[in-house]
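Step one of this worksheet: look at the structure below.
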Amino acid sequence: MNAISVKDLTYYYPKRRDPALVDVTLDINKGEFVLITGPSGGGKSTLCRCLNGLIPTFYGGKISGKVTVMGIDVSSATTSELSRYVGMVFQNPEDQITRMSVEAELAFGLENLGVEREEMYKRIREVARLLRIENLLNRSVEELSSGQQQKVAIGSILVMRPEILVLDEPTSELDPKSAQDLIELVAQLNRELGMTIVIVEHRLNFILEKADRLIIINGGRVAVDKSPQEALRSREVERLGASLPKVVQLYHALSEMGLNLPRVPLSVEQLETELRGALIRVH
Ligand SMILES: Nc1ncnc2c1ncn2[C@@H]1O[C@H](COP(=O)(O)OP(=O)(O)OP(=O)(O)O)[C@@H](O)[C@H]1O
Ligand SMILES: [Mg+2]
């Protein structure tokens with residue numbers, strides 16, 4: 001069974017003449033780490049909203065095609081049922097933060113699900129340890145830094161133990177160090193718990209090397225769906241409006257100068273390895 005299966009999905013927001021998604025078909029396996037990027041207005045957030053039922057339940061509009069999540073048809077499930085399978089982290093942590101203390105915030109979703117108190121506190125402690133926010137449990141959410149708030153937002157999703165984590169530009173409000181920490185954490189959840197990850201990002205530093213798949217959404221369509229290695233071999237991704245990390249730009253510049261590295265470097269360390277290999281071959 002796929003974690004997510006999207007078939008021929010076309011969607012129009014209410015009163016819109018042009019569709020926000022056109023004929024989107026995607027299968028995402030359990031345990032995959034999928035990175036989605038592409039130009040602004042391409043339809044990335046719209047796709048995320050289809051995965052947890054916000055579309056069409058809250059947004060309305062016209063939808064055709066089929067979306068299933070862990071085998072459940074999204075159109076016949078409530079958003080609260082779906083929240084057990086798909087956890088969604090939005091761009092602004094403030095959108096998600098409603099309660100006073102960190103502990104109350106983490107308990108909120110579990111209270112709604114009717115989870116017993118003992119089990120609730122066990123899960124909260126577990127997630128707080130994982131996120132390294134144990135010392136913040138009694139603090140008020142408002143007084144935390146945006147990096148800490150984003151961790152709390154993620155924590156409030158993780159306590160529900162979803163099989164799939166969907167993150168829509170989770171690092172956009174964070175400084176580079178907190179952004180990198182967050183990506184590391186997501187990669188850890190993927191690696192150690194086998195959690196399926198769907199993450200939308202504009203800045204591709206640090207994350208390309210973690211992803212199994214790179215999907216570019218442009219004009220509501222899936223324009224590219226390949227491994228990062230394959231996708232970045234040509235300049236196609238750049239032409240589609242994605243901003244590439246410096247190492248990948250350098251790879252293309254070197255190719256144009258006649259130095260073809262066997263693999264596309266996705267990090268500075270990988271670039272160094274590739275260059276050393278190329279120099280040994282030259283001498
Ligand atoms: N609530 C809405 N009502 C009507 N149209 C919308 C709504 N949200 C998005 N759209 C339109 O749907 C299309 C896709 O937008 P979407 O927000 O999904 O793009 P995106 O790829 O997430 O962009 P960004 O990178 O800027 O976040 C755009 O044309 C946008 O104007
Ligand atoms: Mg968006």
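Following the order of the structure tokens, chains are lettered A, B, ..., residues in each are numbered from 1, and ligands are numbered from 1.
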
message = Residues contacting ligand 1 - anything with an atom at most 8 Å away, using only C-alpha atoms and all ligand atoms - can you give me those as a ChimeraX atom specification?
response = /A:12-16,18-21,37-47,59,168-169,202,217-220

request  = List the neighbours of Glu209 in chain A out to 12 Å using only C-alpha atoms; skip same-chain residues closer than 4 positions along the sequence, and give me the result as a list in words.
outcome  =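 That gives Phe33, Val34, Leu35, Ile183, Glu184, Ala187, Leu204, Asn205, Arg213, Leu214, Ser227, Pro228, Gln229, Leu232, Pro245, Val247, Val248, Val264, Pro265, Leu266, Ser267, Val268, Glu269, Gln270 and Leu271 of chain A.
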
Selection file, N, CA, C and O atoms, as an mmCIF file, in the first residue's frame:
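Saved to result.cif:
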```
data_model
loop_
_atom_site.group_PDB
_atom_site.id
_atom_site.type_symbol
_atom_site.label_atom_id
_atom_site.label_comp_id
_atom_site.auth_asym_id
_atom_site.auth_seq_id
_atom_site.Cartn_x
_atom_site.Cartn_y
_atom_site.Cartn_z
ATOM 1 N N PHE A 33 11.059 10.127 1.504
ATOM 2 C CA PHE A 33 11.303 11.533 1.857
ATOM 3 C C PHE A 33 11.169 12.315 0.556
ATOM 4 O O PHE A 33 12.026 12.231 -0.321
ATOM 5 N N VAL A 34 10.069 13.048 0.426
ATOM 6 C CA VAL A 34 9.756 13.717 -0.839
ATOM 7 C C VAL A 34 9.858 15.227 -0.661
ATOM 8 O O VAL A 34 9.225 15.805 0.230
ATOM 9 N N LEU A 35 10.664 15.830 -1.504
ATOM 10 C CA LEU A 35 10.854 17.284 -1.461
ATOM 11 C C LEU A 35 10.097 17.906 -2.631
ATOM 12 O O LEU A 35 10.274 17.497 -3.775
ATOM 13 N N ILE A 183 15.585 20.702 9.491
ATOM 14 C CA ILE A 183 15.726 19.717 8.411
ATOM 15 C C ILE A 183 16.376 18.436 8.955
ATOM 16 O O ILE A 183 15.955 17.327 8.621
ATOM 17 N N GLU A 184 17.389 18.608 9.825
ATOM 18 C CA GLU A 184 18.039 17.442 10.432
ATOM 19 C C GLU A 184 17.033 16.619 11.227
ATOM 20 O O GLU A 184 17.040 15.399 11.181
ATOM 21 N N ALA A 187 14.766 14.716 8.935
ATOM 22 C CA ALA A 187 15.494 13.575 8.361
ATOM 23 C C ALA A 187 15.622 12.449 9.385
ATOM 24 O O ALA A 187 15.528 11.270 9.052
ATOM 25 N N LEU A 204 16.907 25.122 -1.023
ATOM 26 C CA LEU A 204 17.186 23.683 -1.122
ATOM 27 C C LEU A 204 18.494 23.265 -0.454
ATOM 28 O O LEU A 204 18.825 22.086 -0.449
ATOM 29 N N ASN A 205 19.215 24.225 0.131
ATOM 30 C CA ASN A 205 20.437 23.869 0.864
ATOM 31 C C ASN A 205 20.097 22.887 1.971
ATOM 32 O O ASN A 205 19.035 22.999 2.566
ATOM 33 N N ARG A 213 13.235 11.923 -3.393
ATOM 34 C CA ARG A 213 12.578 12.392 -4.618
ATOM 35 C C ARG A 213 12.443 13.887 -4.623
ATOM 36 O O ARG A 213 12.196 14.496 -3.581
ATOM 37 N N LEU A 214 12.578 14.467 -5.793
ATOM 38 C CA LEU A 214 12.389 15.904 -5.958
ATOM 39 C C LEU A 214 11.234 16.107 -6.939
ATOM 40 O O LEU A 214 11.290 15.638 -8.078
ATOM 41 N N SER A 227 14.660 11.421 -8.823
ATOM 42 C CA SER A 227 15.591 11.521 -7.694
ATOM 43 C C SER A 227 16.329 12.855 -7.854
ATOM 44 O O SER A 227 16.490 13.330 -8.985
ATOM 45 N N PRO A 228 16.785 13.479 -6.749
ATOM 46 C CA PRO A 228 17.510 14.750 -6.884
ATOM 47 C C PRO A 228 18.690 14.632 -7.852
ATOM 48 O O PRO A 228 18.919 15.520 -8.671
ATOM 49 N N GLN A 229 19.413 13.515 -7.772
ATOM 50 C CA GLN A 229 20.541 13.281 -8.685
ATOM 51 C C GLN A 229 20.126 13.409 -10.141
ATOM 52 O O GLN A 229 20.741 14.141 -10.914
ATOM 53 N N LEU A 232 18.710 16.976 -11.201
ATOM 54 C CA LEU A 232 19.618 18.121 -11.249
ATOM 55 C C LEU A 232 20.732 17.973 -12.276
ATOM 56 O O LEU A 232 21.538 18.873 -12.462
ATOM 57 N N PRO A 245 21.024 25.333 -4.964
ATOM 58 C CA PRO A 245 22.168 25.646 -4.096
ATOM 59 C C PRO A 245 23.411 25.930 -4.942
ATOM 60 O O PRO A 245 23.530 25.433 -6.065
ATOM 61 N N VAL A 247 26.390 24.769 -4.823
ATOM 62 C CA VAL A 247 27.170 23.607 -5.284
ATOM 63 C C VAL A 247 26.611 23.051 -6.590
ATOM 64 O O VAL A 247 27.362 22.611 -7.458
ATOM 65 N N VAL A 248 25.298 23.072 -6.729
ATOM 66 C CA VAL A 248 24.690 22.543 -7.958
ATOM 67 C C VAL A 248 24.954 23.517 -9.117
ATOM 68 O O VAL A 248 25.273 23.103 -10.241
ATOM 69 N N VAL A 264 26.114 14.551 -9.411
ATOM 70 C CA VAL A 264 25.795 15.937 -9.058
ATOM 71 C C VAL A 264 26.043 16.099 -7.555
ATOM 72 O O VAL A 264 25.438 15.378 -6.759
ATOM 73 N N PRO A 265 26.923 16.998 -7.144
ATOM 74 C CA PRO A 265 27.134 17.172 -5.704
ATOM 75 C C PRO A 265 25.937 17.893 -5.078
ATOM 76 O O PRO A 265 25.454 18.883 -5.615
ATOM 77 N N LEU A 266 25.439 17.350 -3.954
ATOM 78 C CA LEU A 266 24.266 17.958 -3.309
ATOM 79 C C LEU A 266 24.657 18.700 -2.040
ATOM 80 O O LEU A 266 23.822 19.305 -1.384
ATOM 81 N N SER A 267 25.945 18.632 -1.680
ATOM 82 C CA SER A 267 26.435 19.359 -0.510
ATOM 83 C C SER A 267 27.892 19.715 -0.782
ATOM 84 O O SER A 267 28.502 19.173 -1.713
ATOM 85 N N VAL A 268 28.455 20.602 0.032
ATOM 86 C CA VAL A 268 29.851 21.010 -0.148
ATOM 87 C C VAL A 268 30.775 19.791 -0.005
ATOM 88 O O VAL A 268 31.725 19.620 -0.766
ATOM 89 N N GLU A 269 30.442 18.902 0.958
ATOM 90 C CA GLU A 269 31.268 17.705 1.164
ATOM 91 C C GLU A 269 31.264 16.839 -0.101
ATOM 92 O O GLU A 269 32.300 16.329 -0.521
ATOM 93 N N GLN A 270 30.082 16.683 -0.692
ATOM 94 C CA GLN A 270 29.999 15.859 -1.910
ATOM 95 C C GLN A 270 30.765 16.517 -3.063
ATOM 96 O O GLN A 270 31.394 15.833 -3.866
ATOM 97 N N LEU A 271 30.729 17.845 -3.125
ATOM 98 C CA LEU A 271 31.469 18.555 -4.180
ATOM 99 C C LEU A 271 32.963 18.279 -4.028
ATOM 100 O O LEU A 271 33.666 18.006 -5.004
#
```

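Using only C-alpha atoms, the contacts of Arg233 in chain A at a cut-off of 12 Å, with sequence neighbours closer than 6 positions omitted, comprise Lys226, Ser227, Leu244, Val248, Gln249, Leu250, Tyr251, His252, Ala253, Ser255, Asn260, Leu261, Pro262, Arg263, Val264, Pro265 and Leu266 of chain A.
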
Take the residues just selected and output them with all heavy atoms as a compact mmCIF listing (two decimals), in the first residue's frame.
```txt
# COMPACT_ATOMS: atom_id res chain seq x y z
N LYS A 226 11.63 13.08 -9.98
CA LYS A 226 12.81 12.22 -10.14
C LYS A 226 13.63 12.23 -8.86
O LYS A 226 13.35 13.01 -7.97
CB LYS A 226 13.71 12.77 -11.26
CG LYS A 226 13.13 12.71 -12.66
CD LYS A 226 14.07 13.37 -13.64
CE LYS A 226 13.51 13.31 -15.05
NZ LYS A 226 14.23 14.21 -15.95
N SER A 227 14.66 11.42 -8.82
CA SER A 227 15.59 11.52 -7.69
C SER A 227 16.33 12.85 -7.85
O SER A 227 16.49 13.33 -8.99
CB SER A 227 16.58 10.37 -7.71
OG SER A 227 17.52 10.55 -8.74
N LEU A 244 18.57 26.93 -7.08
CA LEU A 244 19.46 25.81 -6.76
C LEU A 244 20.58 26.23 -5.84
O LEU A 244 21.08 27.35 -5.93
CB LEU A 244 20.06 25.27 -8.06
CG LEU A 244 19.05 24.68 -9.04
CD1 LEU A 244 19.77 24.12 -10.25
CD2 LEU A 244 18.24 23.58 -8.38
N VAL A 248 25.30 23.07 -6.73
CA VAL A 248 24.69 22.54 -7.96
C VAL A 248 24.95 23.52 -9.12
O VAL A 248 25.27 23.10 -10.24
CB VAL A 248 23.17 22.29 -7.76
CG1 VAL A 248 22.56 21.77 -9.05
CG2 VAL A 248 22.92 21.32 -6.63
N GLN A 249 24.88 24.82 -8.83
CA GLN A 249 25.20 25.82 -9.87
C GLN A 249 26.63 25.64 -10.34
O GLN A 249 26.92 25.73 -11.53
CB GLN A 249 24.99 27.23 -9.33
CG GLN A 249 23.53 27.55 -9.02
CD GLN A 249 23.37 28.95 -8.45
OE1 GLN A 249 24.20 29.82 -8.66
NE2 GLN A 249 22.28 29.16 -7.72
N LEU A 250 27.51 25.39 -9.39
CA LEU A 250 28.92 25.20 -9.72
C LEU A 250 29.10 23.94 -10.59
O LEU A 250 29.88 23.95 -11.55
CB LEU A 250 29.73 25.06 -8.41
CG LEU A 250 31.23 25.23 -8.51
CD1 LEU A 250 31.60 26.57 -9.11
CD2 LEU A 250 31.84 25.12 -7.10
N TYR A 251 28.37 22.90 -10.26
CA TYR A 251 28.42 21.66 -11.06
C TYR A 251 28.07 21.98 -12.53
O TYR A 251 28.76 21.53 -13.45
CB TYR A 251 27.45 20.63 -10.47
CG TYR A 251 27.08 19.50 -11.39
CD1 TYR A 251 27.90 18.39 -11.51
CD2 TYR A 251 25.92 19.56 -12.16
CE1 TYR A 251 27.57 17.35 -12.37
CE2 TYR A 251 25.58 18.53 -13.02
CZ TYR A 251 26.41 17.43 -13.13
OH TYR A 251 26.08 16.41 -13.99
N HIS A 252 27.01 22.78 -12.72
CA HIS A 252 26.61 23.13 -14.10
C HIS A 252 27.66 24.01 -14.78
O HIS A 252 27.96 23.81 -15.96
CB HIS A 252 25.24 23.82 -14.10
CG HIS A 252 24.12 22.89 -13.77
ND1 HIS A 252 23.89 21.72 -14.45
CD2 HIS A 252 23.17 22.94 -12.81
CE1 HIS A 252 22.86 21.09 -13.93
NE2 HIS A 252 22.40 21.81 -12.92
N ALA A 253 28.22 24.95 -14.03
CA ALA A 253 29.26 25.82 -14.60
C ALA A 253 30.47 24.99 -15.03
O ALA A 253 31.02 25.17 -16.11
CB ALA A 253 29.67 26.88 -13.58
N SER A 255 30.45 21.80 -15.85
CA SER A 255 30.07 20.98 -17.01
C SER A 255 30.22 21.81 -18.28
O SER A 255 30.72 21.32 -19.30
CB SER A 255 28.61 20.54 -16.93
OG SER A 255 28.42 19.77 -15.80
N ASN A 260 33.11 17.24 -16.57
CA ASN A 260 31.88 16.53 -16.22
C ASN A 260 32.11 15.64 -15.01
O ASN A 260 32.80 14.64 -15.09
CB ASN A 260 31.39 15.70 -17.40
CG ASN A 260 30.85 16.59 -18.49
OD1 ASN A 260 29.92 17.39 -18.25
ND2 ASN A 260 31.43 16.52 -19.67
N LEU A 261 31.52 16.02 -13.87
CA LEU A 261 31.63 15.19 -12.67
C LEU A 261 30.61 14.06 -12.79
O LEU A 261 29.50 14.28 -13.29
CB LEU A 261 31.33 16.04 -11.42
CG LEU A 261 32.25 17.25 -11.21
CD1 LEU A 261 31.79 18.06 -10.00
CD2 LEU A 261 33.70 16.83 -11.04
N PRO A 262 30.99 12.85 -12.36
CA PRO A 262 30.07 11.72 -12.52
C PRO A 262 28.76 11.87 -11.75
O PRO A 262 27.72 11.42 -12.18
CB PRO A 262 30.86 10.52 -12.00
CG PRO A 262 32.23 10.99 -11.71
CD PRO A 262 32.28 12.46 -11.81
N ARG A 263 28.84 12.52 -10.58
CA ARG A 263 27.61 12.70 -9.79
C ARG A 263 27.37 14.17 -9.51
O ARG A 263 28.33 14.94 -9.39
CB ARG A 263 27.72 11.96 -8.45
CG ARG A 263 27.62 10.44 -8.58
CD ARG A 263 27.92 9.76 -7.26
NE ARG A 263 27.06 10.20 -6.16
CZ ARG A 263 25.83 9.76 -5.97
NH1 ARG A 263 25.30 8.87 -6.77
NH2 ARG A 263 25.12 10.21 -4.96
N VAL A 264 26.11 14.55 -9.41
CA VAL A 264 25.80 15.94 -9.06
C VAL A 264 26.04 16.10 -7.55
O VAL A 264 25.44 15.38 -6.76
CB VAL A 264 24.32 16.28 -9.35
CG1 VAL A 264 24.03 17.74 -9.08
CG2 VAL A 264 23.94 15.91 -10.77
N PRO A 265 26.92 17.00 -7.14
CA PRO A 265 27.13 17.17 -5.70
C PRO A 265 25.94 17.89 -5.08
O PRO A 265 25.45 18.88 -5.62
CB PRO A 265 28.39 18.05 -5.64
CG PRO A 265 28.43 18.76 -6.95
CD PRO A 265 27.72 17.92 -7.95
N LEU A 266 25.44 17.35 -3.95
CA LEU A 266 24.27 17.96 -3.31
C LEU A 266 24.66 18.70 -2.04
O LEU A 266 23.82 19.30 -1.38
CB LEU A 266 23.22 16.88 -3.01
CG LEU A 266 22.74 16.08 -4.23
CD1 LEU A 266 21.74 15.00 -3.80
CD2 LEU A 266 22.10 16.99 -5.28
```

message = Here is a test: counting only C-alpha atoms and all ligand atoms, which residue of A:Ser172, A:Asn2, A:Thr25, A:Ser140 is nearest to ligand 2?
response =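 So, comparing all the options, the nearest one is A:Ser172.
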
key: All alpha helix (DSSP H) residues (DSSP, backbone) inside range 33-263 of chain A, as a count of residues only   = 99

query = Using only C-alpha atoms and all ligand atoms, which of A:Pro170, A:Gly241, A:Gly194, A:Gly61 sits nearest ligand 2?
reply = A:Pro170

Residue neighbourhood Ile72 in chain A, 12 Å, only C-alpha atoms, exclusion window fewer than 5 positions, as JSON, numbers by chain = {"A": [1, 2, 3, 4, 5, 6, 51, 52, 53, 66, 67, 77, 78, 79, 81, 82, 83, 84, 85, 86]}
